[in-house]
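Listing of coords.tsv; format and content: TSV, C-alpha atoms and all ligand atoms.
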chain	number	residue	atom	x	y	z
A	1	MET	CA	-347.37	70.34	31.70
A	2	ARG	CA	-346.61	70.63	27.97
A	3	ILE	CA	-342.96	71.19	27.12
A	4	LEU	CA	-341.48	72.00	23.72
A	5	VAL	CA	-337.94	70.58	23.66
A	6	THR	CA	-335.51	71.43	20.85
A	7	GLY	CA	-332.58	69.13	20.07
A	8	GLY	CA	-334.25	66.19	21.79
A	9	CYS	CA	-332.55	63.59	19.59
A	10	GLY	CA	-329.06	64.71	20.67
A	11	PHE	CA	-327.10	63.60	23.71
A	12	ILE	CA	-328.47	65.83	26.50
A	13	GLY	CA	-331.81	66.52	24.80
A	14	SER	CA	-332.59	62.80	24.52
A	15	ALA	CA	-331.79	62.23	28.22
A	16	LEU	CA	-334.17	65.12	29.03
A	17	VAL	CA	-336.91	63.80	26.71
A	18	ARG	CA	-336.68	60.29	28.16
A	19	ARG	CA	-337.03	61.64	31.70
A	20	LEU	CA	-339.89	64.07	30.92
A	21	VAL	CA	-341.95	61.53	28.96
A	22	ARG	CA	-341.51	58.87	31.67
A	23	ALA	CA	-342.69	61.43	34.25
A	24	GLY	CA	-345.92	61.94	32.26
A	25	THR	CA	-345.10	65.36	30.75
A	26	ASP	CA	-346.46	66.07	27.26
A	27	VAL	CA	-343.38	66.59	25.08
A	28	LEU	CA	-342.97	67.95	21.56
A	29	ASN	CA	-339.42	67.19	20.43
A	30	ILE	CA	-338.23	69.40	17.57
A	31	ASP	CA	-335.01	68.22	15.94
A	32	CYS	CA	-333.76	68.45	12.35
A	33	LEU	CA	-331.56	65.34	12.82
A	34	THR	CA	-328.05	66.54	11.99
A	35	TYR	CA	-325.17	64.00	12.20
A	36	ALA	CA	-325.51	64.31	16.02
A	37	GLY	CA	-329.25	63.74	16.26
A	38	ARG	CA	-330.53	60.16	16.25
A	39	PRO	CA	-334.19	59.11	16.65
A	40	GLU	CA	-333.13	55.85	18.34
A	41	ASN	CA	-331.81	57.92	21.26
A	42	VAL	CA	-335.45	58.33	22.34
A	43	GLU	CA	-336.85	55.02	21.08
A	44	ASP	CA	-337.54	53.86	24.67
A	45	VAL	CA	-340.28	56.51	24.94
A	46	SER	CA	-341.19	57.39	21.35
A	47	GLY	CA	-344.24	55.09	21.36
A	48	GLN	CA	-345.79	56.86	24.38
A	49	ALA	CA	-348.99	58.85	23.86
A	50	ASN	CA	-347.45	61.92	25.55
A	51	TYR	CA	-344.52	62.09	23.07
A	52	ARG	CA	-344.54	63.83	19.68
A	53	PHE	CA	-341.73	64.43	17.24
A	54	LEU	CA	-341.37	67.16	14.63
A	55	GLN	CA	-338.44	66.94	12.26
A	56	ALA	CA	-337.77	70.62	11.61
A	57	ASP	CA	-334.98	73.16	11.59
A	58	ILE	CA	-335.16	75.81	14.30
A	59	CYS	CA	-334.17	78.37	11.62
A	60	ASP	CA	-337.47	77.66	9.80
A	61	VAL	CA	-339.70	80.58	10.86
A	62	GLU	CA	-342.96	79.10	9.61
A	63	ALA	CA	-342.34	75.67	11.15
A	64	MET	CA	-341.50	77.22	14.53
A	65	ASN	CA	-344.60	79.48	14.52
A	66	ASP	CA	-346.79	76.49	13.54
A	67	ALA	CA	-345.27	74.36	16.30
A	68	PHE	CA	-346.13	76.94	18.98
A	69	ARG	CA	-349.66	77.46	17.60
A	70	SER	CA	-350.50	73.76	17.38
A	71	PHE	CA	-348.71	72.37	20.47
A	72	ARG	CA	-349.38	75.34	22.82
A	73	PRO	CA	-346.50	74.68	25.25
A	74	ASP	CA	-346.33	75.77	28.87
A	75	ALA	CA	-342.55	75.95	28.53
A	76	VAL	CA	-339.67	75.68	26.06
A	77	MET	CA	-336.41	73.90	26.82
A	78	HIS	CA	-333.99	74.89	24.06
A	79	LEU	CA	-331.07	72.51	23.48
A	80	ALA	CA	-330.79	72.34	19.67
A	81	ALA	CA	-327.32	73.49	18.69
A	82	GLU	CA	-324.16	72.69	16.85
A	83	SER	CA	-322.11	71.55	19.85
A	84	HIS	CA	-318.62	70.38	18.91
A	85	VAL	CA	-315.74	72.87	19.31
A	86	ASP	CA	-313.48	71.18	16.71
A	87	ARG	CA	-316.19	71.38	14.07
A	88	SER	CA	-316.70	75.07	14.86
A	89	ILE	CA	-313.01	75.69	14.16
A	90	ASP	CA	-313.26	73.92	10.78
A	91	GLY	CA	-316.56	75.59	9.83
A	92	PRO	CA	-318.06	78.34	12.00
A	93	ALA	CA	-320.97	79.13	9.62
A	94	ALA	CA	-323.20	76.25	10.75
A	95	PHE	CA	-322.67	77.33	14.39
A	96	ILE	CA	-323.59	80.95	13.67
A	97	ARG	CA	-326.66	79.79	11.70
A	98	THR	CA	-328.13	77.33	14.21
A	99	ASN	CA	-326.90	78.71	17.52
A	100	VAL	CA	-327.42	82.43	16.86
A	101	THR	CA	-329.98	82.72	14.04
A	102	GLY	CA	-331.88	79.58	15.08
A	103	THR	CA	-332.14	80.78	18.68
A	104	GLY	CA	-333.34	84.15	17.39
A	105	VAL	CA	-336.05	82.50	15.27
A	106	LEU	CA	-337.19	80.35	18.20
A	107	LEU	CA	-337.28	83.38	20.51
A	108	GLU	CA	-339.42	85.38	18.08
A	109	ALA	CA	-341.86	82.48	17.67
A	110	ALA	CA	-342.00	82.08	21.47
A	111	LEU	CA	-342.57	85.80	21.94
A	112	ALA	CA	-345.47	85.93	19.46
A	113	TYR	CA	-347.05	82.92	21.17
A	114	TRP	CA	-346.43	84.20	24.73
A	115	ARG	CA	-347.96	87.59	23.92
A	116	GLY	CA	-351.19	85.80	22.98
A	117	LEU	CA	-351.41	84.06	26.38
A	118	GLU	CA	-353.36	85.43	29.30
A	119	GLY	CA	-353.41	85.19	33.09
A	120	SER	CA	-351.64	82.28	34.72
A	121	ALA	CA	-350.67	80.76	31.35
A	122	ARG	CA	-348.75	83.94	30.51
A	123	ASP	CA	-347.23	84.30	34.00
A	124	GLY	CA	-346.27	80.65	34.20
A	125	PHE	CA	-344.68	80.39	30.72
A	126	ARG	CA	-340.91	79.81	30.69
A	127	PHE	CA	-338.22	79.79	27.98
A	128	LEU	CA	-335.18	77.89	29.29
A	129	HIS	CA	-332.03	78.23	27.22
A	130	VAL	CA	-329.40	75.53	27.74
A	131	SER	CA	-325.88	76.84	27.38
A	132	THR	CA	-322.26	76.16	28.25
A	133	ASP	CA	-319.61	77.40	30.69
A	134	GLU	CA	-317.35	77.92	27.66
A	135	VAL	CA	-318.93	81.37	27.11
A	136	TYR	CA	-316.80	82.59	30.04
A	137	GLY	CA	-313.46	81.67	28.44
A	138	SER	CA	-310.47	80.12	30.18
A	139	LEU	CA	-309.64	80.21	33.91
A	140	ALA	CA	-306.40	80.43	35.88
A	141	GLU	CA	-305.73	77.86	38.61
A	142	GLY	CA	-307.85	78.50	41.72
A	143	ALA	CA	-310.50	80.67	39.98
A	144	TYR	CA	-314.15	79.68	39.39
A	145	PHE	CA	-316.88	80.77	36.99
A	146	ARG	CA	-319.78	82.58	38.71
A	147	GLU	CA	-323.03	84.03	37.41
A	148	GLY	CA	-322.40	87.62	36.31
A	149	ASP	CA	-318.82	87.02	35.16
A	150	ALA	CA	-317.82	88.76	31.94
A	151	TYR	CA	-318.21	86.72	28.74
A	152	ARG	CA	-314.90	85.91	27.02
A	153	PRO	CA	-315.67	83.15	24.49
A	154	ASN	CA	-312.59	81.87	22.66
A	155	SER	CA	-313.87	79.34	20.09
A	156	PRO	CA	-316.48	79.98	17.40
A	157	TYR	CA	-318.69	77.45	19.26
A	158	ALA	CA	-318.39	79.37	22.54
A	159	ALA	CA	-318.91	82.71	20.74
A	160	SER	CA	-322.06	81.42	19.02
A	161	LYS	CA	-323.44	80.17	22.36
A	162	ALA	CA	-322.52	83.53	23.96
A	163	GLY	CA	-324.48	85.27	21.17
A	164	SER	CA	-327.49	83.06	21.84
A	165	ASP	CA	-327.28	83.72	25.61
A	166	HIS	CA	-327.27	87.48	24.96
A	167	LEU	CA	-330.28	87.21	22.66
A	168	VAL	CA	-332.22	85.20	25.24
A	169	ARG	CA	-331.37	87.64	28.01
A	170	SER	CA	-332.39	90.58	25.82
A	171	PHE	CA	-335.85	89.08	25.23
A	172	GLY	CA	-336.29	88.95	29.00
A	173	VAL	CA	-335.18	92.56	29.51
A	174	THR	CA	-336.82	94.11	26.43
A	175	TYR	CA	-340.11	92.24	26.21
A	176	GLY	CA	-340.47	90.92	29.75
A	177	MET	CA	-340.60	87.34	28.45
A	178	PRO	CA	-339.85	84.91	31.31
A	179	VAL	CA	-336.48	83.52	30.20
A	180	LEU	CA	-333.96	81.40	32.11
A	181	ILE	CA	-330.37	80.56	31.13
A	182	THR	CA	-328.24	77.67	32.38
A	183	ASN	CA	-324.51	77.34	31.69
A	184	CYS	CA	-323.13	73.87	32.35
A	185	GLY	CA	-319.74	72.15	32.26
A	186	ASN	CA	-318.71	69.10	30.23
A	187	ASN	CA	-321.34	66.35	30.22
A	188	TYR	CA	-320.71	62.64	29.89
A	189	GLY	CA	-322.96	59.58	29.90
A	190	PRO	CA	-324.88	57.28	27.53
A	191	PHE	CA	-325.81	58.27	23.95
A	192	GLN	CA	-323.05	60.89	23.57
A	193	PHE	CA	-321.81	61.13	20.00
A	194	PRO	CA	-318.30	59.62	19.89
A	195	GLU	CA	-316.45	62.76	18.85
A	196	LYS	CA	-316.38	64.07	22.44
A	197	LEU	CA	-313.58	62.97	24.79
A	198	ILE	CA	-315.11	60.17	26.86
A	199	PRO	CA	-317.07	58.21	24.20
A	200	LEU	CA	-314.27	58.71	21.66
A	201	MET	CA	-311.71	57.24	24.06
A	202	ILE	CA	-313.97	54.31	24.99
A	203	LEU	CA	-314.74	53.52	21.35
A	204	ASN	CA	-311.10	53.74	20.24
A	205	ALA	CA	-309.85	51.75	23.23
A	206	LEU	CA	-312.38	48.95	22.61
A	207	ASP	CA	-311.17	48.76	18.99
A	208	GLY	CA	-307.47	49.00	19.89
A	209	ARG	CA	-307.08	52.33	18.08
A	210	ALA	CA	-304.97	55.31	19.18
A	211	LEU	CA	-306.25	57.50	22.03
A	212	PRO	CA	-305.44	61.02	20.75
A	213	ILE	CA	-304.78	63.61	23.46
A	214	TYR	CA	-304.43	67.29	22.60
A	215	GLY	CA	-301.08	68.88	23.59
A	216	LYS	CA	-299.92	68.13	27.13
A	217	GLY	CA	-303.34	66.81	28.19
A	218	ASP	CA	-303.37	69.07	31.23
A	219	ASN	CA	-306.48	71.02	30.21
A	220	VAL	CA	-309.04	70.94	33.01
A	221	ARG	CA	-312.77	70.39	32.44
A	222	ASP	CA	-315.56	70.35	35.03
A	223	TRP	CA	-317.36	67.03	34.41
A	224	ILE	CA	-320.99	66.28	35.19
A	225	HIS	CA	-323.12	63.22	34.45
A	226	VAL	CA	-325.84	64.01	31.92
A	227	ASP	CA	-328.61	62.80	34.28
A	228	ASP	CA	-327.47	65.27	36.95
A	229	HIS	CA	-327.53	68.04	34.32
A	230	VAL	CA	-331.03	67.04	33.20
A	231	ALA	CA	-332.27	67.07	36.82
A	232	ALA	CA	-330.76	70.55	37.18
A	233	LEU	CA	-332.57	71.78	34.05
A	234	ILE	CA	-335.94	70.54	35.32
A	235	ALA	CA	-335.27	72.09	38.74
A	236	VAL	CA	-334.41	75.46	37.15
A	237	LEU	CA	-337.55	75.31	35.01
A	238	GLU	CA	-339.64	74.68	38.13
A	239	ARG	CA	-337.92	76.96	40.60
A	240	GLY	CA	-335.67	79.40	38.70
A	241	ARG	CA	-336.33	83.14	38.79
A	242	PRO	CA	-337.14	84.57	35.33
A	243	GLY	CA	-334.28	86.63	33.94
A	244	GLN	CA	-331.67	84.68	35.95
A	245	THR	CA	-328.65	82.70	34.89
A	246	TYR	CA	-327.69	79.48	36.71
A	247	LEU	CA	-324.28	77.83	36.53
A	248	VAL	CA	-324.60	74.05	36.69
A	249	GLY	CA	-321.58	72.05	37.85
A	250	ALA	CA	-320.81	68.99	39.95
A	251	ARG	CA	-317.42	70.15	41.35
A	252	GLY	CA	-315.94	67.59	38.96
A	253	GLU	CA	-312.67	69.17	37.83
A	254	GLN	CA	-310.29	66.78	36.07
A	255	GLN	CA	-307.35	67.07	33.71
A	256	ASN	CA	-308.02	65.36	30.37
A	257	LEU	CA	-305.07	63.05	30.91
A	258	ASP	CA	-306.44	61.93	34.29
A	259	VAL	CA	-309.82	61.19	32.74
A	260	VAL	CA	-308.18	59.00	30.10
A	261	GLN	CA	-305.94	57.29	32.65
A	262	HIS	CA	-308.94	56.48	34.86
A	263	LEU	CA	-310.87	55.21	31.84
A	264	CYS	CA	-308.00	52.99	30.69
A	265	ALA	CA	-307.62	51.50	34.18
A	266	ARG	CA	-311.35	50.66	34.32
A	267	LEU	CA	-311.24	49.09	30.85
A	268	ASP	CA	-308.22	46.99	31.89
A	269	ALA	CA	-310.23	45.76	34.89
A	270	LEU	CA	-313.46	45.18	32.97
A	271	ILE	CA	-311.79	43.36	30.04
A	272	PRO	CA	-308.71	41.68	31.58
A	273	ASP	CA	-308.20	39.41	28.54
A	274	SER	CA	-308.37	42.30	26.01
A	275	PRO	CA	-305.57	42.09	23.39
A	276	HIS	CA	-305.36	45.89	23.72
A	277	ALA	CA	-304.60	45.96	27.47
A	278	PRO	CA	-302.98	47.86	29.05
A	279	HIS	CA	-305.13	50.42	27.22
A	280	TRP	CA	-302.91	53.30	28.39
A	281	ASN	CA	-300.34	52.18	25.78
A	282	LEU	CA	-302.78	53.38	23.09
A	283	VAL	CA	-302.42	57.05	24.17
A	284	THR	CA	-300.82	59.32	21.56
A	285	ARG	CA	-300.27	63.09	21.69
A	286	VAL	CA	-301.67	65.18	18.83
A	287	LYS	CA	-301.08	68.84	17.99
A	288	ASP	CA	-303.03	71.08	20.34
A	289	ARG	CA	-306.37	72.58	19.31
A	290	PRO	CA	-305.97	76.28	18.32
A	291	GLY	CA	-307.25	78.59	21.08
A	292	HIS	CA	-307.63	75.62	23.44
A	293	ASP	CA	-309.01	76.87	26.77
A	294	GLN	CA	-306.82	75.72	29.66
A	295	ARG	CA	-309.32	75.38	32.48
A	296	TYR	CA	-313.05	75.49	33.19
A	297	ALA	CA	-314.42	75.21	36.73
A	298	ILE	CA	-317.86	76.13	38.03
A	299	ASP	CA	-318.98	77.49	41.38
A	300	PRO	CA	-322.49	75.95	41.63
A	301	THR	CA	-323.46	77.74	44.87
A	302	ARG	CA	-326.52	79.46	43.36
A	303	MET	CA	-327.86	76.13	42.07
A	304	GLU	CA	-327.30	74.53	45.46
A	305	GLN	CA	-328.66	77.33	47.65
A	306	GLU	CA	-331.40	78.92	45.55
A	307	ILE	CA	-332.65	75.94	43.54
A	308	GLY	CA	-331.86	73.23	46.09
A	309	TRP	CA	-330.21	71.05	43.44
A	310	ALA	CA	-327.15	68.85	43.99
A	311	PRO	CA	-325.56	66.22	41.76
A	312	THR	CA	-326.06	62.58	42.77
A	313	MET	CA	-323.47	60.76	40.65
A	314	SER	CA	-319.76	60.59	41.55
A	315	PHE	CA	-317.37	60.75	38.60
A	316	ALA	CA	-316.04	57.25	39.36
A	317	ASP	CA	-319.53	55.66	39.40
A	318	GLY	CA	-320.74	57.70	36.43
A	319	LEU	CA	-317.72	56.77	34.35
A	320	GLU	CA	-318.07	53.08	35.23
A	321	ASP	CA	-321.75	53.11	34.16
A	322	THR	CA	-320.89	54.98	30.99
A	323	ILE	CA	-318.13	52.53	30.03
A	324	ARG	CA	-320.47	49.57	30.63
A	325	TRP	CA	-323.20	51.28	28.56
A	326	TYR	CA	-320.87	51.79	25.57
A	327	MET	CA	-319.55	48.23	25.89
A	328	SER	CA	-323.13	46.94	25.64
A	329	ARG	CA	-324.03	49.24	22.73
A	330	ARG	CA	-321.44	48.26	20.14
A	331	ALA	CA	-324.16	48.24	17.44
A	332	TRP	CA	-325.13	51.86	18.24
A	333	LEU	CA	-321.46	52.82	18.21
A	334	ALA	CA	-320.77	51.08	14.90
A	335	ARG	CA	-323.69	52.94	13.28
A	336	VAL	CA	-322.54	56.38	14.40
A	337	HIS	CA	-318.80	55.92	14.51
A	338	ASP	CA	-317.75	56.75	10.93
A	339	ARG	CA	-319.28	60.15	11.47
A	340	GLY	CA	-316.97	60.79	14.45
A	341	ARG	CA	-313.67	62.61	14.36
A	342	LEU	CA	-310.22	62.41	15.82
A	343	GLY	CA	-309.04	64.80	18.55
A	344	ASP	CA	-309.76	64.57	22.25
A	345	GLY	CA	-312.85	66.76	21.91
A	346	ALA	CA	-313.06	68.06	25.48
A	401	LIG	N1	-322.34	68.34	25.69
A	401	LIG	C1	-321.95	69.14	26.66
A	401	LIG	O1	-321.03	68.82	27.41
A	401	LIG	C2	-322.70	70.46	26.90
A	401	LIG	C3	-322.36	71.20	28.02
A	401	LIG	C4	-323.06	72.39	28.28
A	401	LIG	C5	-324.05	72.82	27.41
A	401	LIG	N2	-324.34	72.07	26.30
A	401	LIG	C6	-325.41	72.56	25.41
A	401	LIG	O2	-326.49	71.62	25.53
A	401	LIG	C7	-327.16	71.51	24.29
A	401	LIG	C8	-327.20	70.07	23.86
A	401	LIG	O3	-325.86	69.58	23.73
A	401	LIG	P1	-325.56	68.08	23.24
A	401	LIG	O4	-324.21	67.72	23.71
A	401	LIG	O5	-326.72	67.24	23.55
A	401	LIG	O6	-325.50	68.33	21.67
A	401	LIG	P2	-325.67	67.27	20.48
A	401	LIG	O7	-324.77	67.77	19.39
A	401	LIG	O8	-325.53	65.87	20.96
A	401	LIG	O9	-327.20	67.44	20.04
A	401	LIG	C9	-327.68	68.59	19.38
A	401	LIG	C10	-329.04	68.25	18.79
A	401	LIG	O10	-329.55	69.44	18.14
A	401	LIG	C11	-330.05	69.09	16.87
A	401	LIG	N3	-329.91	70.25	15.98
A	401	LIG	C12	-328.76	70.83	15.55
A	401	LIG	N4	-329.03	71.84	14.73
A	401	LIG	C13	-330.39	71.94	14.66
A	401	LIG	C14	-331.29	72.81	13.97
A	401	LIG	N5	-330.83	73.80	13.18
A	401	LIG	N6	-332.62	72.62	14.11
A	401	LIG	C15	-333.09	71.60	14.89
A	401	LIG	N7	-332.28	70.74	15.55
A	401	LIG	C16	-330.95	70.92	15.44
A	401	LIG	C17	-329.18	67.91	16.42
A	401	LIG	O11	-329.81	67.13	15.41
A	401	LIG	C18	-328.99	67.15	17.72
A	401	LIG	O12	-330.03	66.23	17.94
A	401	LIG	C19	-326.42	72.43	23.32
A	401	LIG	O13	-327.12	73.64	23.25
A	401	LIG	C20	-325.05	72.63	23.95
A	401	LIG	O14	-324.52	73.87	23.60
A	401	LIG	C21	-323.68	70.91	26.02
Kindly present the structure from the file in structure tokens form.
Amino acid sequence: MRILVTGGCGFIGSALVRRLVRAGTDVLNIDCLTYAGRPENVEDVSGQANYRFLQADICDVEAMNDAFRSFRPDAVMHLAAESHVDRSIDGPAAFIRTNVTGTGVLLEAALAYWRGLEGSARDGFRFLHVSTDEVYGSLAEGAYFREGDAYRPNSPYAASKAGSDHLVRSFGVTYGMPVLITNCGNNYGPFQFPEKLIPLMILNALDGRALPIYGKGDNVRDWIHVDDHVAALIAVLERGRPGQTYLVGARGEQQNLDVVQHLCARLDALIPDSPHAPHWNLVTRVKDRPGHDQRYAIDPTRMEQEIGWAPTMSFADGLEDTIRWYMSRRAWLARVHDRGRLGDGA
């Protein structure tokens, strides 16, 4: 199997690339290396013969057409994106460019390539688009996102991902290209850029800096470990029905404040002699994010019943592993940290 992965130097993309390369899949990783993309995220596998890297922008039409012609993938897994909501509020243009235009460029290159395939290569080709539950907007208590729900994106990030989802779907309907879409909840785990809630809180707590929480901190996110998400993506690529959308979630609803409380308690236990313990004392409230969605929660029934996928990592175990990983990677954190931002990022 030959898979073209975009955004493979980012958080989720690098976890996917590491798993695919280790499993023997031929991977071409296309990434333009924004602030969030780091080649060392895949250094464990980058020396393998079945791994190739192309530093290119997905908006570059010629580079994308060349990549399809020379690599000849069996499938595309598209993760390259601008991904941080706060940054989309400060500057939506980069989100519209990469997430909407870039996805459009990639789709056109894939279409031209797919149309030149024949027989089982054409039938077996897949374009998997990796998206977010945020396209569905905010939920009331007791409600769950399900495939087929109306799109109600509230941030420029969510709107740009909604636009890309619609483009992908349209290529399936209009041209018959075998596309798949996944919409997942909030990921956590190793190699996440420390502007998102969990790595930001770990980094700040280790350094004794403030732990900024937006508003009341009662916003609910549906957390999933990145390795469970990656396993879901591979399962959808293998077993998903072209044209379908799959909602990926681990039934991991938590209020932001509870996540931070849990994290502080684990840090207190792991570093009992820390001068910053109890870490909970570092929590400070900051002005709420404009348009901050109150609650996301996913009903993953289709993933469970149709794809036969289920998460394997409990939030408590996953968080413990993640904290230990960041504690052992202070050098990685120090290199990326000045490019991070304040705000609880969830
Ligand atoms: N992080 C989450 O919780 C989450 C949840 C659901 C869905 N997603 C989606 O999964 C995907 C990956 O998310 P992530 O958290 O790993 O993001 P990330 O910000 O960590 O990584 C994004 C990667 O894309 C690359 N990139 C950005 N613009 C590019 C361009 N124009 N051309 C080529 N490469 C470009 C970056 O260099 C980076 O390596 C995104 O599409 C995101 O919308 C993320």
All residues within 7 Å of ligand LIG 401 (chain A) are required, counting only C-alpha atoms and all ligand atoms; please report them as a PDB file with C-alpha atoms, in the coordinates of the input.
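Below is the file that was written, pocket.pdb:
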ATOM      1  CA  THR A   6    -335.510  71.430  20.850  1.00  0.00           C
ATOM      2  CA  GLY A   7    -332.580  69.130  20.070  1.00  0.00           C
ATOM      3  CA  GLY A   8    -334.250  66.190  21.790  1.00  0.00           C
ATOM      4  CA  CYS A   9    -332.550  63.590  19.590  1.00  0.00           C
ATOM      5  CA  GLY A  10    -329.060  64.710  20.670  1.00  0.00           C
ATOM      6  CA  PHE A  11    -327.100  63.600  23.710  1.00  0.00           C
ATOM      7  CA  ILE A  12    -328.470  65.830  26.500  1.00  0.00           C
ATOM      8  CA  GLY A  13    -331.810  66.520  24.800  1.00  0.00           C
ATOM      9  CA  ILE A  30    -338.230  69.400  17.570  1.00  0.00           C
ATOM     10  CA  ASP A  31    -335.010  68.220  15.940  1.00  0.00           C
ATOM     11  CA  CYS A  32    -333.760  68.450  12.350  1.00  0.00           C
ATOM     12  CA  LEU A  33    -331.560  65.340  12.820  1.00  0.00           C
ATOM     13  CA  THR A  34    -328.050  66.540  11.990  1.00  0.00           C
ATOM     14  CA  TYR A  35    -325.170  64.000  12.200  1.00  0.00           C
ATOM     15  CA  ALA A  36    -325.510  64.310  16.020  1.00  0.00           C
ATOM     16  CA  GLY A  37    -329.250  63.740  16.260  1.00  0.00           C
ATOM     17  CA  ARG A  38    -330.530  60.160  16.250  1.00  0.00           C
ATOM     18  CA  ALA A  56    -337.770  70.620  11.610  1.00  0.00           C
ATOM     19  CA  ASP A  57    -334.980  73.160  11.590  1.00  0.00           C
ATOM     20  CA  ILE A  58    -335.160  75.810  14.300  1.00  0.00           C
ATOM     21  CA  CYS A  59    -334.170  78.370  11.620  1.00  0.00           C
ATOM     22  CA  LEU A  79    -331.070  72.510  23.480  1.00  0.00           C
ATOM     23  CA  ALA A  80    -330.790  72.340  19.670  1.00  0.00           C
ATOM     24  CA  ALA A  81    -327.320  73.490  18.690  1.00  0.00           C
ATOM     25  CA  GLU A  82    -324.160  72.690  16.850  1.00  0.00           C
ATOM     26  CA  SER A  83    -322.110  71.550  19.850  1.00  0.00           C
ATOM     27  CA  HIS A  84    -318.620  70.380  18.910  1.00  0.00           C
ATOM     28  CA  THR A  98    -328.130  77.330  14.210  1.00  0.00           C
ATOM     29  CA  GLY A 102    -331.880  79.580  15.080  1.00  0.00           C
ATOM     30  CA  VAL A 130    -329.400  75.530  27.740  1.00  0.00           C
ATOM     31  CA  SER A 131    -325.880  76.840  27.380  1.00  0.00           C
ATOM     32  CA  THR A 132    -322.260  76.160  28.250  1.00  0.00           C
ATOM     33  CA  ASP A 133    -319.610  77.400  30.690  1.00  0.00           C
ATOM     34  CA  LYS A 161    -323.440  80.170  22.360  1.00  0.00           C
ATOM     35  CA  ASN A 183    -324.510  77.340  31.690  1.00  0.00           C
ATOM     36  CA  CYS A 184    -323.130  73.870  32.350  1.00  0.00           C
ATOM     37  CA  GLY A 185    -319.740  72.150  32.260  1.00  0.00           C
ATOM     38  CA  ASN A 186    -318.710  69.100  30.230  1.00  0.00           C
ATOM     39  CA  ASN A 187    -321.340  66.350  30.220  1.00  0.00           C
ATOM     40  CA  TYR A 188    -320.710  62.640  29.890  1.00  0.00           C
ATOM     41  CA  GLN A 192    -323.050  60.890  23.570  1.00  0.00           C
ATOM     42  CA  PHE A 193    -321.810  61.130  20.000  1.00  0.00           C
TER      43      PHE A 193
END
| field | 10 Å contact set for region 213-221 of chain A, only C-alpha atoms, chain neighbours under 2 positions out, as a PyMOL selection string | value | chain A and resi 133+138-139+141+185-187+197+201+210-211+223-224+252-260+283-289+292-298+342-346
| message | For a quick check of understanding, using only C-alpha atoms, which of A:Ala269, A:Ala23, A:Ala232, A:Met77 has the smallest distance to Asn50 (chain A)? | response | A:Ala23
| query | So how far away is CA of Phe127 (chain A) from CA of Arg115 (chain A), in Å? | reply | 13.1 Å
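Interatomic distance, CA of Asp228 (chain A) against CA of Gln48 (chain A): 23.8 Å.
For the choices A:Pro275, A:Gly240, A:Gly24, A:Gly291, the atom-to-atom distance to Glu306 (chain A) is smallest for A:Gly240 when using all atoms listed in the file.
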| task | Can you pull out every residue within 6 Å of Ala158 (chain A), counting only C-alpha atoms, but drop anything in the same chain fewer than 4 positions away, and send it as a PyMOL selection string? | result | chain A and resi 134-135+153
